[in-house]
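Chemist: This structure is in structure tokens; I'll ask about it shortly.
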Amino acid sequence: MERVCAIFGGSRGIGKAVAQAMAPRGYGLAIVARDLAGARDTARELGGDHLAFSCDVAKEQDVQKTFEEIEKKLGRVNFLVNAAGINRDGLLLRTKTEDMVSQLHTNLLGSMLTCKAAIKNMIQQEGGSIVNIGSVVGLKGNSGQSVYSASKGGLVGFSRSLAKEVARKKIRVNVVAPGFVHTDMTADLKEDYIKKNIPLGRFGEPMEVAKAVIFLLESPYVTGHVLVVDGGLQLIM
């Protein structure tokens, strides 16, 4: 296939919405998740020739093996979406070291490893596009989310630096930074209280973020950009 997109974290939430939005647009999709059953369910729902893969993004060997499998079954990856992420809210003084490490490994190191693997293929193909899913708290910070904010803030710095490194190879790297969106990660939050502080007065929907992801994936003259999709939350944080 000419347009192959690997979506890490594609079995649920924002990643799944990205897959649903991209499927009708002529992409061959690799739905990648740690939970292979969930990835298979998503691929089956999409229909067509889209395939599921299992990967722990924090393990370099897993990532390399996954890209090799995708190339064999779909073709070389020329589009990449990093939507895999975890969150362990809590004040820093009460946060266990293992919870710090797991967030940094999945949210930041994982995206570094997938980008590293992807750009090798993209350089050979003389072009490609990457979108990393950040968070508005990575830009503004939030009490009780210091480690999560660090992982997402680091993702912004990484993505902008990588965009400079690979621009001459016709590879673009951008970030979408959502605010509060209806996903498993926000299911336990007090929505009525939080949305009072959102200028648009509501949580976002995964498909609204997915549309922003596709815009950046397909915009040939945009790189190193952070597109905030948060209902205006960053205006008051």
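Residue numbers start at 1 in each chain; chains themselves are named A, B, ... in the order of the structure tokens; ligands are numbered from 1 in the order shown.
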Report as a PyMOL selection string all protein, DNA and RNA residues lying within 10 Å of range 52-55 of chain A, evaluated on only C-alpha atoms, omitting residues in the same chain fewer than 6 positions from it.
Modeler: chain A and resi 6-11+29-44+61-67+69-70
Chemist: Write out as a list in words the set of residues from range 61-222 of chain A that DSSP, computed on the backbone, places in strand (DSSP E).
Modeler: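 Those in range 61-222 of chain A that DSSP calls strand (DSSP E) are Phe79, Leu80, Val81, Asn82, Gly128, Ser129, Ile130, Val131, Asn132, Ile133, Ile171, Arg172, Val173, Asn174, Val175, Val176, Ala177 and Pro178 of chain A.
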Chemist: Save the residues we just selected, N, CA and C atoms, as a PDB file, in the first residue's frame?
Modeler:
```pdb
ATOM      1  N   PHE A  79       3.216   6.903   7.752  1.00  0.00           N
ATOM      2  CA  PHE A  79       2.461   7.754   8.670  1.00  0.00           C
ATOM      3  C   PHE A  79       2.460   7.085  10.038  1.00  0.00           C
ATOM      4  N   LEU A  80       2.633   7.880  11.076  1.00  0.00           N
ATOM      5  CA  LEU A  80       2.698   7.342  12.442  1.00  0.00           C
ATOM      6  C   LEU A  80       1.898   8.220  13.388  1.00  0.00           C
ATOM      7  N   VAL A  81       1.073   7.581  14.196  1.00  0.00           N
ATOM      8  CA  VAL A  81       0.334   8.282  15.255  1.00  0.00           C
ATOM      9  C   VAL A  81       0.663   7.607  16.587  1.00  0.00           C
ATOM     10  N   ASN A  82       1.160   8.367  17.524  1.00  0.00           N
ATOM     11  CA  ASN A  82       1.465   7.858  18.855  1.00  0.00           C
ATOM     12  C   ASN A  82       0.386   8.304  19.828  1.00  0.00           C
ATOM     13  N   GLY A 128       7.461  11.455   5.099  1.00  0.00           N
ATOM     14  CA  GLY A 128       6.564  10.823   6.054  1.00  0.00           C
ATOM     15  C   GLY A 128       5.980  11.866   6.987  1.00  0.00           C
ATOM     16  N   SER A 129       5.042  11.423   7.819  1.00  0.00           N
ATOM     17  CA  SER A 129       4.361  12.336   8.732  1.00  0.00           C
ATOM     18  C   SER A 129       4.080  11.640  10.055  1.00  0.00           C
ATOM     19  N   ILE A 130       4.390  12.338  11.136  1.00  0.00           N
ATOM     20  CA  ILE A 130       4.215  11.803  12.488  1.00  0.00           C
ATOM     21  C   ILE A 130       3.369  12.771  13.306  1.00  0.00           C
ATOM     22  N   VAL A 131       2.414  12.236  14.039  1.00  0.00           N
ATOM     23  CA  VAL A 131       1.661  13.036  15.010  1.00  0.00           C
ATOM     24  C   VAL A 131       1.720  12.338  16.361  1.00  0.00           C
ATOM     25  N   ASN A 132       2.233  13.044  17.346  1.00  0.00           N
ATOM     26  CA  ASN A 132       2.280  12.549  18.714  1.00  0.00           C
ATOM     27  C   ASN A 132       1.158  13.184  19.532  1.00  0.00           C
ATOM     28  N   ILE A 133       0.476  12.376  20.321  1.00  0.00           N
ATOM     29  CA  ILE A 133      -0.622  12.894  21.140  1.00  0.00           C
ATOM     30  C   ILE A 133      -0.077  13.331  22.494  1.00  0.00           C
ATOM     31  N   ILE A 171      10.232  14.797   6.238  1.00  0.00           N
ATOM     32  CA  ILE A 171       9.445  14.153   7.295  1.00  0.00           C
ATOM     33  C   ILE A 171       8.935  15.237   8.237  1.00  0.00           C
ATOM     34  N   ARG A 172       7.646  15.210   8.499  1.00  0.00           N
ATOM     35  CA  ARG A 172       7.034  16.210   9.368  1.00  0.00           C
ATOM     36  C   ARG A 172       6.659  15.582  10.708  1.00  0.00           C
ATOM     37  N   VAL A 173       6.810  16.359  11.787  1.00  0.00           N
ATOM     38  CA  VAL A 173       6.490  15.886  13.137  1.00  0.00           C
ATOM     39  C   VAL A 173       5.678  16.961  13.846  1.00  0.00           C
ATOM     40  N   ASN A 174       4.499  16.593  14.305  1.00  0.00           N
ATOM     41  CA  ASN A 174       3.621  17.539  14.982  1.00  0.00           C
ATOM     42  C   ASN A 174       2.998  16.900  16.219  1.00  0.00           C
ATOM     43  N   VAL A 175       2.345  17.743  17.010  1.00  0.00           N
ATOM     44  CA  VAL A 175       1.717  17.294  18.261  1.00  0.00           C
ATOM     45  C   VAL A 175       0.284  17.801  18.316  1.00  0.00           C
ATOM     46  N   VAL A 176      -0.616  16.934  18.750  1.00  0.00           N
ATOM     47  CA  VAL A 176      -1.962  17.360  19.126  1.00  0.00           C
ATOM     48  C   VAL A 176      -2.065  17.267  20.638  1.00  0.00           C
ATOM     49  N   ALA A 177      -2.480  18.349  21.264  1.00  0.00           N
ATOM     50  CA  ALA A 177      -2.565  18.414  22.723  1.00  0.00           C
ATOM     51  C   ALA A 177      -4.022  18.561  23.149  1.00  0.00           C
ATOM     52  N   PRO A 178      -4.687  17.449  23.464  1.00  0.00           N
ATOM     53  CA  PRO A 178      -6.096  17.527  23.882  1.00  0.00           C
ATOM     54  C   PRO A 178      -6.230  18.023  25.321  1.00  0.00           C
TER      55      PRO A 178
END
```
Chemist: Find the residues of range 84-111 of chain A that sit at most 12 Å from range 156-164 of chain A; for each, write down the nearest two atoms and how far apart they are in Å, to one decimal. Count only C-alpha atoms. Sort by chain, then by number going up, and give it as a tab-separated table.
Modeler:
```
residue	atom	partner	partner_atom	distance
A:Asn107	CA	A:Val156	CA	11.3
A:Leu108	CA	A:Phe158	CA	8.6
A:Leu109	CA	A:Phe158	CA	10.0
A:Gly110	CA	A:Phe158	CA	11.9
A:Ser111	CA	A:Phe158	CA	9.3
```
Chemist: Quick one: write out the picked residues with all heavy atoms as an mmCIF file, in the first residue's frame?
Modeler:
```cif
data_model
loop_
_atom_site.group_PDB
_atom_site.id
_atom_site.type_symbol
_atom_site.label_atom_id
_atom_site.label_comp_id
_atom_site.auth_asym_id
_atom_site.auth_seq_id
_atom_site.Cartn_x
_atom_site.Cartn_y
_atom_site.Cartn_z
ATOM 1 N N ASN A 107 4.636 7.114 27.967
ATOM 2 C CA ASN A 107 4.210 8.369 27.348
ATOM 3 C C ASN A 107 5.312 9.085 26.574
ATOM 4 O O ASN A 107 5.031 9.784 25.599
ATOM 5 C CB ASN A 107 3.664 9.321 28.408
ATOM 6 C CG ASN A 107 2.466 8.763 29.133
ATOM 7 O OD1 ASN A 107 1.886 7.757 28.724
ATOM 8 N ND2 ASN A 107 2.083 9.388 30.231
ATOM 9 N N LEU A 108 6.557 8.930 27.022
ATOM 10 C CA LEU A 108 7.653 9.668 26.398
ATOM 11 C C LEU A 108 8.638 8.744 25.689
ATOM 12 O O LEU A 108 8.829 8.847 24.474
ATOM 13 C CB LEU A 108 8.379 10.513 27.444
ATOM 14 C CG LEU A 108 9.538 11.379 26.941
ATOM 15 C CD1 LEU A 108 9.101 12.279 25.796
ATOM 16 C CD2 LEU A 108 10.109 12.212 28.095
ATOM 17 N N LEU A 109 9.253 7.829 26.418
ATOM 18 C CA LEU A 109 10.212 6.921 25.805
ATOM 19 C C LEU A 109 9.565 6.103 24.694
ATOM 20 O O LEU A 109 10.167 5.883 23.639
ATOM 21 C CB LEU A 109 10.822 5.994 26.859
ATOM 22 C CG LEU A 109 11.800 4.934 26.340
ATOM 23 C CD1 LEU A 109 13.017 5.599 25.693
ATOM 24 C CD2 LEU A 109 12.232 3.999 27.467
ATOM 25 N N GLY A 110 8.332 5.653 24.916
ATOM 26 C CA GLY A 110 7.645 4.861 23.903
ATOM 27 C C GLY A 110 7.522 5.608 22.582
ATOM 28 O O GLY A 110 7.765 5.045 21.509
ATOM 29 N N SER A 111 7.155 6.881 22.647
ATOM 30 C CA SER A 111 7.038 7.675 21.417
ATOM 31 C C SER A 111 8.399 7.902 20.776
ATOM 32 O O SER A 111 8.524 7.932 19.547
ATOM 33 C CB SER A 111 6.367 9.021 21.723
ATOM 34 O OG SER A 111 5.018 8.835 22.094
#
```
Chemist: Counting only C-alpha atoms, what is within 6 Å of range 139-150 of chain A, bar same-chain residues fewer than 2 positions away, as an MDAnalysis selection string?
Modeler: chainID A and resid 89:91 136:137 152:154
Chemist: Which residues are near Met22 in chain A? Cut-off 10 Å, only C-alpha atoms, ignore same chain within fewer than 5 positions. Put them as a PyMOL selection string.
Modeler: chain A and resi 5+16-17+27-29+46+210-211+213-214
Chemist: Please extract the residues of range 157-233 of chain A with a backbone DSSP assignment of alpha helix (DSSP H) and present them as a PyMOL selection string.
Modeler: chain A and resi 157-166+191-194+206-218
Chemist: Can you list, as an mmCIF file with N, CA, C and O atoms, in the first residue's frame, every protein, DNA or RNA residue that comes within 7 Å of range 180-182 of chain A when you count only C-alpha atoms, leaving out same-chain residues fewer than 3 positions away?
Modeler:
```cif
data_model
loop_
_atom_site.group_PDB
_atom_site.id
_atom_site.type_symbol
_atom_site.label_atom_id
_atom_site.label_comp_id
_atom_site.auth_asym_id
_atom_site.auth_seq_id
_atom_site.Cartn_x
_atom_site.Cartn_y
_atom_site.Cartn_z
ATOM 1 N N THR A 186 -10.565 9.552 31.455
ATOM 2 C CA THR A 186 -11.305 10.614 32.147
ATOM 3 C C THR A 186 -12.628 10.122 32.731
ATOM 4 O O THR A 186 -13.399 10.922 33.262
ATOM 5 N N ALA A 187 -12.882 8.837 32.638
ATOM 6 C CA ALA A 187 -14.193 8.293 33.029
ATOM 7 C C ALA A 187 -14.524 8.533 34.497
ATOM 8 O O ALA A 187 -15.699 8.678 34.861
ATOM 9 N N PHE A 203 -16.758 18.528 27.799
ATOM 10 C CA PHE A 203 -15.622 17.701 27.431
ATOM 11 C C PHE A 203 -15.617 17.515 25.912
ATOM 12 O O PHE A 203 -16.657 17.596 25.257
ATOM 13 N N GLY A 204 -14.458 17.250 25.363
ATOM 14 C CA GLY A 204 -14.367 16.958 23.944
ATOM 15 C C GLY A 204 -14.690 15.507 23.656
ATOM 16 O O GLY A 204 -14.767 14.670 24.564
ATOM 17 N N GLU A 205 -14.883 15.193 22.391
ATOM 18 C CA GLU A 205 -15.114 13.824 21.948
ATOM 19 C C GLU A 205 -13.872 13.330 21.200
ATOM 20 O O GLU A 205 -13.199 14.104 20.526
ATOM 21 N N PRO A 206 -13.564 12.044 21.305
ATOM 22 C CA PRO A 206 -12.376 11.509 20.625
ATOM 23 C C PRO A 206 -12.317 11.842 19.138
ATOM 24 O O PRO A 206 -11.247 12.126 18.604
ATOM 25 N N ASP A 230 -8.878 21.729 23.157
ATOM 26 C CA ASP A 230 -9.256 21.655 24.569
ATOM 27 C C ASP A 230 -10.461 22.490 24.964
ATOM 28 O O ASP A 230 -10.731 22.708 26.153
#
```
